[in-house]
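> Can you keep this structure in mind? I'll have questions shortly.
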Amino acid sequence: MKLNLNRYNNLTQRVIVALVGVMVIIVAIIWSPWSYFIVFLALGLAYILQFYKLTGLDGFIPLKTRGTLTGLLIYTVTFLVEMGLISYRYYLLIFPVSAIIFFIKLYKKSDDRPFTNIAYTFLGIIYVFVPFSLLHIIAFRTGHFQYEVIIGILFLIWASDTGGYFSGTLFGRTKLFERVSPKKSWEGLAGGFVLAIIMAIVFSVLFDTLPMWKWIGMGIIAVISGTYGDLVESLFKRGIHIKDSGKILPGHGGFLDRFDALLLSVPFMAPFILLF
């Protein structure tokens, strides 16, 4: 029987979709490196196609197919290299494949802003598939797949988002960045910080893959960069005059609305985990 979420209020829809989504993603990550690869591949495809669709609303014409294929190449090559199945030299394929984007635009006679559209093509790749590729490097940092770190990153970001949502809803008074996101508040930020730090301590007790100070550092990064990720996406949506990036996730909006914090948190977490 099909579940009709429209009969529930926004909060209930949000909780139901979140629980189902979390279960699917977590099971895929734990099951095997390949199921982890597939689920994030699917998410990456959904994100980048939605990003290109939204840029189209503002009159831009990015190369959707070529940008998506280039992003998939970066994502797949990184995974295979980190798995030890191919040589790191295969990274060299990324450069000619990326360069083809310029050649294609050369033959688009109807495009009066070719370099702007090329820029948006590459922006989609960098915004979506570079962070997802960095997840591979984090997951295989010790030479074998450590699903605990990937799950930890997700739960820290979700804790920050959940704490911020409920704290901001209940106690939000002082605006954080009203020009871009009128609903965000300093009280919400504080609530997200508290819950993220609690989650970091819990993961440091459950898993010994990282020391406690690194889990706490990741929690702080999740709060700060995750908040900026949400603000950046809000700025993007305001620029093209829309409220949500889509309606595919009831109670949440589109994929970019749900995972914007992840996309800008991972580029900060990767060097923190790997270099310190």
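By convention here, the chains of the structure tokens are called A, B, ... in the order presented, each chain's residues are numbered starting at 1, and ligands are numbered starting at 1 in the order presented.
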Could you pull the residues within 12 Å of stretch 30-36 of chain A, counting only C-alpha atoms, minus those fewer than 5 positions along the same chain, as a CSV table (one decimal) with C-alpha atoms, in the first residue's frame?

chain,number,residue,atom,x,y,z
A,23,MET,CA,18.1,3.5,7.3
A,24,VAL,CA,18.8,3.0,3.6
A,25,ILE,CA,22.0,5.0,3.6
A,41,LEU,CA,26.7,7.3,-6.7
A,42,ALA,CA,22.9,7.5,-6.9
A,43,LEU,CA,22.8,10.5,-4.5
A,76,THR,CA,34.6,6.2,-9.8
A,79,PHE,CA,37.0,4.9,-5.4
A,80,LEU,CA,38.9,2.3,-7.5
A,82,GLU,CA,41.5,3.9,-3.0
A,83,MET,CA,40.3,0.3,-3.2
A,132,PHE,CA,31.8,12.7,-2.6
A,135,LEU,CA,34.6,10.6,1.2
A,136,HIS,CA,36.4,7.7,-0.5
A,139,ALA,CA,36.9,5.9,4.1
A,140,PHE,CA,40.1,4.2,2.9
A,144,HIS,CA,40.9,-0.7,4.2
A,145,PHE,CA,37.3,0.5,4.2
A,146,GLN,CA,36.3,2.2,7.5
A,147,TYR,CA,32.5,2.6,7.4
A,148,GLU,CA,32.5,4.0,11.0
A,149,VAL,CA,34.0,7.3,9.9
A,150,ILE,CA,31.6,7.8,7.1
A,151,ILE,CA,28.6,7.1,9.3
A,152,GLY,CA,30.1,9.4,12.0
> Got a sec: who's within 10 Å of A:Phe60, counting only C-alpha atoms, leaving out chain neighbours fewer than 4 positions off, as a short mmCIF file (atom, residue, chain, number, x, y, z; two decimals) with C-alpha atoms, in the first residue's frame?

data_model
loop_
_atom_site.label_atom_id
_atom_site.label_comp_id
_atom_site.auth_asym_id
_atom_site.auth_seq_id
_atom_site.Cartn_x
_atom_site.Cartn_y
_atom_site.Cartn_z
CA TYR A 52 21.96 21.78 -13.44
CA LYS A 53 18.16 21.97 -13.58
CA LEU A 54 18.12 24.89 -11.16
CA THR A 55 20.82 26.79 -13.06
CA GLY A 56 18.64 26.35 -16.14
CA ASP A 111 25.03 29.82 -26.86
CA ARG A 113 27.40 32.96 -22.91
CA PRO A 114 29.64 29.94 -23.53
CA THR A 116 29.57 31.31 -18.19
CA ASN A 117 27.87 28.04 -19.02
CA ILE A 118 31.20 26.20 -18.97
CA TYR A 120 28.44 26.38 -14.27
CA THR A 121 29.21 22.96 -15.74
#
> One decimal, in Å: what's the spacing between atom CA of A:Leu195 and atom CA of A:Phe166?
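Between these atoms lies a distance of 10.7 Å.
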> Here is a test: counting only C-alpha atoms, which residue of A:Trp186, A:Phe129, A:Phe155, A:Tyr165 is nearest to A:Val202?
A:Phe155
> Between atom CA of A:Pro267 and atom CA of A:Leu57, what is the distance, to one decimal in Å?
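Result for atom CA of A:Pro267 versus atom CA of A:Leu57: 27.4 Å, one decimal.
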> If you run DSSP on the backbone, which residues of stretch 39-225 of chain A are alpha helix (DSSP H), as a CSV table (one decimal) with N, CA and C atoms, in the first residue's frame?

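Writing the result to part_7.csv gives the following:
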chain,number,residue,atom,x,y,z
A,39,VAL,N,25.2,3.7,-3.4
A,39,VAL,CA,24.2,4.7,-2.8
A,39,VAL,C,24.7,6.1,-2.9
A,40,PHE,N,26.0,6.4,-2.8
A,40,PHE,CA,26.5,7.7,-3.0
A,40,PHE,C,26.6,8.1,-4.4
A,41,LEU,N,26.7,7.1,-5.3
A,41,LEU,CA,26.7,7.3,-6.7
A,41,LEU,C,25.3,7.8,-7.1
A,42,ALA,N,24.3,7.2,-6.6
A,42,ALA,CA,22.9,7.5,-6.9
A,42,ALA,C,22.6,8.9,-6.3
A,43,LEU,N,23.0,9.2,-5.1
A,43,LEU,CA,22.8,10.5,-4.5
A,43,LEU,C,23.6,11.6,-5.4
A,44,GLY,N,24.8,11.3,-5.8
A,44,GLY,CA,25.5,12.3,-6.6
A,44,GLY,C,24.8,12.6,-7.9
A,45,LEU,N,24.3,11.6,-8.5
A,45,LEU,CA,23.5,11.8,-9.8
A,45,LEU,C,22.3,12.7,-9.5
A,46,ALA,N,21.6,12.4,-8.4
A,46,ALA,CA,20.4,13.2,-8.1
A,46,ALA,C,20.8,14.6,-7.8
A,47,TYR,N,21.9,14.9,-7.1
A,47,TYR,CA,22.3,16.2,-6.8
A,47,TYR,C,22.7,17.0,-8.0
A,48,ILE,N,23.6,16.4,-8.8
A,48,ILE,CA,24.2,17.2,-9.9
A,48,ILE,C,23.1,17.5,-10.9
A,49,LEU,N,22.2,16.6,-11.2
A,49,LEU,CA,21.1,16.8,-12.2
A,49,LEU,C,20.2,17.9,-11.6
A,50,GLN,N,19.9,17.9,-10.3
A,50,GLN,CA,19.1,18.9,-9.8
A,50,GLN,C,19.8,20.3,-9.8
A,51,PHE,N,21.1,20.3,-9.6
A,51,PHE,CA,21.8,21.6,-9.6
A,51,PHE,C,21.8,22.1,-11.1
A,52,TYR,N,22.0,21.3,-12.1
A,52,TYR,CA,22.0,21.8,-13.4
A,52,TYR,C,20.5,22.2,-13.8
A,53,LYS,N,19.5,21.6,-13.3
A,53,LYS,CA,18.2,22.0,-13.6
A,53,LYS,C,17.9,23.4,-13.0
A,54,LEU,N,18.4,23.6,-11.8
A,54,LEU,CA,18.1,24.9,-11.2
A,54,LEU,C,18.9,26.0,-11.9
A,55,THR,N,20.1,25.8,-12.3
A,55,THR,CA,20.8,26.8,-13.1
A,55,THR,C,20.1,27.1,-14.4
A,56,GLY,N,19.4,26.1,-14.9
A,56,GLY,CA,18.6,26.3,-16.1
A,56,GLY,C,17.5,27.3,-15.9
A,57,LEU,N,17.0,27.3,-14.7
A,57,LEU,CA,15.9,28.3,-14.4
A,57,LEU,C,16.3,29.7,-14.5
A,64,LYS,N,24.9,19.4,-19.2
A,64,LYS,CA,24.4,18.4,-18.2
A,64,LYS,C,25.0,17.1,-18.3
A,65,THR,N,25.0,16.5,-19.5
A,65,THR,CA,25.5,15.2,-19.7
A,65,THR,C,27.0,15.1,-19.5
A,66,ARG,N,27.7,16.0,-20.2
A,66,ARG,CA,29.1,16.0,-20.1
A,66,ARG,C,29.6,16.3,-18.6
A,67,GLY,N,28.9,17.2,-18.0
A,67,GLY,CA,29.3,17.5,-16.6
A,67,GLY,C,29.0,16.3,-15.7
A,68,THR,N,27.9,15.7,-15.9
A,68,THR,CA,27.6,14.5,-15.1
A,68,THR,C,28.5,13.4,-15.3
A,69,LEU,N,28.9,13.1,-16.5
A,69,LEU,CA,29.8,12.0,-16.8
A,69,LEU,C,31.2,12.3,-16.3
A,70,THR,N,31.6,13.6,-16.3
A,70,THR,CA,32.9,13.9,-15.8
A,70,THR,C,32.9,13.7,-14.3
A,71,GLY,N,31.9,14.2,-13.6
A,71,GLY,CA,31.7,14.0,-12.2
A,71,GLY,C,31.8,12.5,-11.8
A,72,LEU,N,31.0,11.7,-12.6
A,72,LEU,CA,31.0,10.2,-12.3
A,72,LEU,C,32.4,9.6,-12.5
A,73,LEU,N,33.2,10.1,-13.5
A,73,LEU,CA,34.5,9.6,-13.7
A,73,LEU,C,35.4,9.9,-12.5
A,74,ILE,N,35.4,11.2,-12.0
A,74,ILE,CA,36.1,11.5,-10.8
A,74,ILE,C,35.8,10.7,-9.6
A,75,TYR,N,34.5,10.5,-9.4
A,75,TYR,CA,34.0,9.7,-8.3
A,75,TYR,C,34.4,8.3,-8.4
A,76,THR,N,34.3,7.7,-9.6
A,76,THR,CA,34.6,6.2,-9.8
A,76,THR,C,36.1,6.0,-9.7
A,77,VAL,N,36.9,6.8,-10.4
A,77,VAL,CA,38.3,6.6,-10.4
A,77,VAL,C,38.9,6.7,-9.0
A,78,THR,N,38.4,7.7,-8.2
A,78,THR,CA,38.9,7.9,-6.8
A,78,THR,C,38.6,6.6,-6.0
A,79,PHE,N,37.3,6.1,-6.2
A,79,PHE,CA,37.0,4.9,-5.4
A,79,PHE,C,37.9,3.7,-5.8
A,80,LEU,N,38.1,3.5,-7.1
A,80,LEU,CA,38.9,2.3,-7.5
A,80,LEU,C,40.3,2.5,-7.1
A,81,VAL,N,40.8,3.7,-7.2
A,81,VAL,CA,42.2,3.9,-6.7
A,81,VAL,C,42.3,3.6,-5.2
A,82,GLU,N,41.4,4.1,-4.4
A,82,GLU,CA,41.5,3.9,-3.0
A,82,GLU,C,41.2,2.5,-2.6
A,83,MET,N,40.5,1.8,-3.5
A,83,MET,CA,40.3,0.3,-3.2
A,83,MET,C,41.5,-0.5,-3.6
A,94,ILE,N,41.0,12.3,-16.1
A,94,ILE,CA,40.1,13.4,-15.8
A,94,ILE,C,40.4,14.6,-16.6
A,95,PHE,N,41.6,14.9,-16.9
A,95,PHE,CA,42.0,16.1,-17.6
A,95,PHE,C,41.5,16.2,-19.0
A,96,PRO,N,41.7,15.2,-19.9
A,96,PRO,CA,41.2,15.2,-21.2
A,96,PRO,C,39.7,15.2,-21.3
A,97,VAL,N,39.1,14.4,-20.4
A,97,VAL,CA,37.6,14.4,-20.3
A,97,VAL,C,37.0,15.7,-20.0
A,98,SER,N,37.7,16.4,-19.0
A,98,SER,CA,37.2,17.8,-18.6
A,98,SER,C,37.4,18.8,-19.8
A,99,ALA,N,38.6,18.6,-20.5
A,99,ALA,CA,38.9,19.6,-21.5
A,99,ALA,C,37.9,19.5,-22.7
A,100,ILE,N,37.3,18.3,-22.9
A,100,ILE,CA,36.3,18.2,-24.0
A,100,ILE,C,35.1,19.1,-23.8
A,101,ILE,N,34.8,19.5,-22.5
A,101,ILE,CA,33.7,20.4,-22.3
A,101,ILE,C,33.9,21.7,-23.0
A,102,PHE,N,35.2,22.2,-23.1
A,102,PHE,CA,35.5,23.4,-23.9
A,102,PHE,C,35.2,23.2,-25.4
A,103,PHE,N,35.6,22.1,-25.9
A,103,PHE,CA,35.5,21.8,-27.3
A,103,PHE,C,34.0,21.8,-27.7
A,104,ILE,N,33.2,21.1,-26.9
A,104,ILE,CA,31.8,21.0,-27.2
A,104,ILE,C,31.1,22.4,-27.3
A,105,LYS,N,31.4,23.3,-26.3
A,105,LYS,CA,30.8,24.6,-26.4
A,105,LYS,C,31.3,25.4,-27.6
A,106,LEU,N,32.4,25.1,-28.1
A,106,LEU,CA,32.9,25.7,-29.3
A,106,LEU,C,31.9,25.6,-30.5
A,114,PRO,N,29.0,31.3,-23.6
A,114,PRO,CA,29.6,29.9,-23.5
A,114,PRO,C,30.5,29.7,-22.3
A,115,PHE,N,31.3,30.7,-21.9
A,115,PHE,CA,32.2,30.5,-20.8
A,115,PHE,C,31.5,30.6,-19.5
A,116,THR,N,30.4,31.3,-19.4
A,116,THR,CA,29.6,31.3,-18.2
A,116,THR,C,28.9,29.9,-18.0
A,117,ASN,N,28.5,29.4,-19.1
A,117,ASN,CA,27.9,28.0,-19.0
A,117,ASN,C,28.9,26.9,-18.8
A,118,ILE,N,30.1,27.1,-19.3
A,118,ILE,CA,31.2,26.2,-19.0
A,118,ILE,C,31.5,26.3,-17.5
A,119,ALA,N,31.5,27.5,-16.9
A,119,ALA,CA,31.8,27.7,-15.5
A,119,ALA,C,30.8,27.0,-14.7
A,120,TYR,N,29.5,27.1,-15.0
A,120,TYR,CA,28.4,26.4,-14.3
A,120,TYR,C,28.5,24.9,-14.4
A,121,THR,N,29.0,24.4,-15.6
A,121,THR,CA,29.2,23.0,-15.7
A,121,THR,C,30.3,22.5,-14.7
A,122,PHE,N,31.4,23.2,-14.7
A,122,PHE,CA,32.4,22.7,-13.7
A,122,PHE,C,32.0,23.0,-12.3
A,123,LEU,N,31.2,24.0,-12.0
A,123,LEU,CA,30.8,24.3,-10.7
A,123,LEU,C,29.9,23.1,-10.1
A,124,GLY,N,29.1,22.5,-11.0
A,124,GLY,CA,28.3,21.4,-10.6
A,124,GLY,C,29.2,20.2,-10.2
A,130,VAL,N,33.2,16.3,-6.1
A,130,VAL,CA,34.5,16.4,-5.4
A,130,VAL,C,34.3,16.1,-3.9
A,131,PRO,N,33.3,16.6,-3.2
A,131,PRO,CA,33.1,16.2,-1.9
A,131,PRO,C,32.8,14.7,-1.7
A,132,PHE,N,32.0,14.1,-2.6
A,132,PHE,CA,31.8,12.7,-2.6
A,132,PHE,C,33.0,11.8,-2.8
A,133,SER,N,33.9,12.3,-3.7
A,133,SER,CA,35.2,11.6,-3.9
A,133,SER,C,36.1,11.7,-2.7
A,134,LEU,N,36.0,12.8,-2.0
A,134,LEU,CA,36.8,13.0,-0.8
A,134,LEU,C,36.4,12.0,0.3
A,135,LEU,N,35.1,11.6,0.3
A,135,LEU,CA,34.6,10.6,1.2
A,135,LEU,C,35.3,9.3,1.0
A,136,HIS,N,35.7,9.0,-0.3
A,136,HIS,CA,36.4,7.7,-0.5
A,136,HIS,C,37.8,7.8,0.2
A,137,ILE,N,38.4,8.9,0.0
A,137,ILE,CA,39.8,9.1,0.6
A,137,ILE,C,39.7,8.9,2.1
A,138,ILE,N,38.7,9.5,2.7
A,138,ILE,CA,38.5,9.4,4.1
A,138,ILE,C,38.2,7.9,4.5
A,139,ALA,N,37.3,7.3,3.8
A,139,ALA,CA,36.9,5.9,4.1
A,139,ALA,C,38.1,4.9,4.0
A,147,TYR,N,33.9,2.1,7.5
A,147,TYR,CA,32.5,2.6,7.4
A,147,TYR,C,32.2,3.5,8.6
A,148,GLU,N,32.8,3.2,9.7
A,148,GLU,CA,32.5,4.0,11.0
A,148,GLU,C,32.7,5.5,10.8
A,149,VAL,N,33.7,5.9,10.1
A,149,VAL,CA,34.0,7.3,9.9
A,149,VAL,C,33.0,7.9,9.0
A,150,ILE,N,32.6,7.3,8.0
A,150,ILE,CA,31.6,7.8,7.1
A,150,ILE,C,30.2,8.0,7.8
A,151,ILE,N,29.9,7.0,8.5
A,151,ILE,CA,28.6,7.1,9.3
A,151,ILE,C,28.7,8.2,10.3
A,152,GLY,N,29.9,8.3,11.0
A,152,GLY,CA,30.1,9.4,12.0
A,152,GLY,C,29.9,10.7,11.3
A,153,ILE,N,30.5,10.9,10.2
A,153,ILE,CA,30.4,12.2,9.5
A,153,ILE,C,28.9,12.6,9.2
A,154,LEU,N,28.2,11.6,8.8
A,154,LEU,CA,26.8,11.8,8.5
A,154,LEU,C,26.0,12.1,9.7
A,155,PHE,N,26.2,11.4,10.8
A,155,PHE,CA,25.5,11.6,12.0
A,155,PHE,C,25.8,12.9,12.7
A,156,LEU,N,27.1,13.4,12.6
A,156,LEU,CA,27.5,14.7,13.1
A,156,LEU,C,26.8,15.8,12.4
A,157,ILE,N,26.7,15.7,11.0
A,157,ILE,CA,26.0,16.7,10.2
A,157,ILE,C,24.5,16.7,10.5
A,158,TRP,N,23.9,15.5,10.6
A,158,TRP,CA,22.5,15.3,10.9
A,158,TRP,C,22.2,15.9,12.3
A,159,ALA,N,23.1,15.6,13.3
A,159,ALA,CA,22.9,16.1,14.7
A,159,ALA,C,22.9,17.6,14.7
A,160,SER,N,23.8,18.2,14.0
A,160,SER,CA,23.9,19.7,13.9
A,160,SER,C,22.6,20.2,13.3
A,161,ASP,N,22.2,19.6,12.2
A,161,ASP,CA,21.0,20.1,11.5
A,161,ASP,C,19.7,19.9,12.4
A,162,THR,N,19.6,18.7,13.1
A,162,THR,CA,18.5,18.5,13.9
A,162,THR,C,18.4,19.4,15.1
A,163,GLY,N,19.6,19.5,15.8
A,163,GLY,CA,19.7,20.4,17.0
A,163,GLY,C,19.4,21.8,16.6
A,164,GLY,N,19.9,22.2,15.4
A,164,GLY,CA,19.6,23.6,15.0
A,164,GLY,C,18.2,23.8,14.7
A,165,TYR,N,17.5,22.8,14.0
A,165,TYR,CA,16.1,22.9,13.7
A,165,TYR,C,15.2,23.1,14.9
A,166,PHE,N,15.3,22.2,15.8
A,166,PHE,CA,14.5,22.2,17.0
A,166,PHE,C,14.8,23.4,17.9
A,167,SER,N,16.1,23.6,18.1
A,167,SER,CA,16.5,24.8,19.0
A,167,SER,C,16.0,26.1,18.4
A,168,GLY,N,16.2,26.2,17.1
A,168,GLY,CA,15.8,27.4,16.4
A,168,GLY,C,14.3,27.6,16.4
A,169,THR,N,13.6,26.5,16.2
A,169,THR,CA,12.1,26.6,16.2
A,169,THR,C,11.6,27.0,17.6
A,170,LEU,N,12.2,26.4,18.7
A,170,LEU,CA,11.7,26.7,20.0
A,170,LEU,C,12.2,28.0,20.6
A,171,PHE,N,13.4,28.3,20.4
A,171,PHE,CA,14.1,29.4,21.1
A,171,PHE,C,14.6,30.5,20.2
A,186,TRP,N,21.0,32.4,16.0
A,186,TRP,CA,22.1,32.0,16.8
A,186,TRP,C,21.7,31.0,17.8
A,187,GLU,N,20.5,31.0,18.3
A,187,GLU,CA,20.0,30.0,19.2
A,187,GLU,C,20.0,28.6,18.5
A,188,GLY,N,19.6,28.6,17.3
A,188,GLY,CA,19.6,27.4,16.5
A,188,GLY,C,21.0,26.8,16.3
A,189,LEU,N,21.9,27.8,16.0
A,189,LEU,CA,23.3,27.4,15.9
A,189,LEU,C,23.9,26.7,17.2
A,190,ALA,N,23.5,27.3,18.3
A,190,ALA,CA,23.9,26.8,19.6
A,190,ALA,C,23.4,25.4,19.9
A,191,GLY,N,22.1,25.2,19.5
A,191,GLY,CA,21.5,23.9,19.7
A,191,GLY,C,22.1,22.9,18.8
A,192,GLY,N,22.5,23.2,17.6
A,192,GLY,CA,23.2,22.3,16.7
A,192,GLY,C,24.6,22.0,17.2
A,193,PHE,N,25.2,22.9,17.8
A,193,PHE,CA,26.6,22.7,18.3
A,193,PHE,C,26.5,21.7,19.5
A,194,VAL,N,25.6,21.9,20.4
A,194,VAL,CA,25.5,21.1,21.6
A,194,VAL,C,25.2,19.6,21.2
A,195,LEU,N,24.2,19.4,20.3
A,195,LEU,CA,23.9,18.1,19.9
A,195,LEU,C,25.0,17.4,19.1
A,196,ALA,N,25.7,18.2,18.2
A,196,ALA,CA,26.8,17.6,17.5
A,196,ALA,C,28.0,17.2,18.4
A,197,ILE,N,28.3,18.0,19.4
A,197,ILE,CA,29.4,17.6,20.3
A,197,ILE,C,29.0,16.3,21.1
A,198,ILE,N,27.7,16.3,21.5
A,198,ILE,CA,27.3,15.1,22.2
A,198,ILE,C,27.4,13.8,21.3
A,199,MET,N,27.0,14.0,20.1
A,199,MET,CA,27.1,12.9,19.1
A,199,MET,C,28.6,12.5,18.9
A,200,ALA,N,29.5,13.5,18.8
A,200,ALA,CA,30.9,13.2,18.7
A,200,ALA,C,31.4,12.4,19.8
A,201,ILE,N,31.1,12.8,21.0
A,201,ILE,CA,31.5,12.0,22.2
A,201,ILE,C,31.0,10.6,22.2
A,202,VAL,N,29.7,10.4,21.8
A,202,VAL,CA,29.1,9.1,21.7
A,202,VAL,C,29.9,8.2,20.7
A,203,PHE,N,30.2,8.8,19.5
A,203,PHE,CA,31.0,8.0,18.5
A,203,PHE,C,32.4,7.7,18.9
A,204,SER,N,33.0,8.6,19.7
A,204,SER,CA,34.4,8.3,20.2
A,204,SER,C,34.4,7.2,21.2
A,205,VAL,N,33.2,7.0,21.9
A,205,VAL,CA,33.1,5.8,22.8
A,205,VAL,C,32.8,4.5,22.0
A,206,LEU,N,31.9,4.7,21.0
A,206,LEU,CA,31.5,3.5,20.3
A,206,LEU,C,32.6,2.9,19.3
A,212,MET,N,39.1,10.9,20.5
A,212,MET,CA,38.0,11.7,20.8
A,212,MET,C,38.1,13.2,20.3
A,213,TRP,N,39.4,13.7,20.4
A,213,TRP,CA,39.6,15.1,20.0
A,213,TRP,C,39.3,15.3,18.5
A,214,LYS,N,39.5,14.2,17.7
A,214,LYS,CA,39.2,14.3,16.3
A,214,LYS,C,37.7,14.3,16.0
A,215,TRP,N,37.0,13.4,16.8
A,215,TRP,CA,35.5,13.4,16.7
A,215,TRP,C,34.9,14.7,17.1
A,216,ILE,N,35.4,15.3,18.1
A,216,ILE,CA,34.9,16.6,18.6
A,216,ILE,C,35.3,17.7,17.5
A,217,GLY,N,36.5,17.6,17.0
A,217,GLY,CA,36.9,18.6,15.9
A,217,GLY,C,36.0,18.4,14.7
A,218,MET,N,35.6,17.2,14.4
A,218,MET,CA,34.7,17.0,13.2
A,218,MET,C,33.3,17.5,13.6
A,219,GLY,N,32.9,17.4,14.8
A,219,GLY,CA,31.6,17.9,15.2
A,219,GLY,C,31.6,19.5,15.1
A,220,ILE,N,32.7,20.1,15.5
A,220,ILE,CA,32.7,21.6,15.3
A,220,ILE,C,32.7,22.0,13.8
A,221,ILE,N,33.5,21.2,13.0
A,221,ILE,CA,33.5,21.5,11.6
A,221,ILE,C,32.1,21.3,11.0
A,222,ALA,N,31.4,20.2,11.5
A,222,ALA,CA,30.0,19.9,11.0
A,222,ALA,C,29.1,21.1,11.2
A,223,VAL,N,29.2,21.7,12.4
A,223,VAL,CA,28.3,22.8,12.8
A,223,VAL,C,28.6,24.1,11.9
A,224,ILE,N,29.9,24.4,11.9
A,224,ILE,CA,30.3,25.7,11.2
A,224,ILE,C,30.2,25.6,9.7
A,225,SER,N,30.8,24.6,9.1
A,225,SER,CA,30.8,24.4,7.6
A,225,SER,C,29.4,24.0,7.2
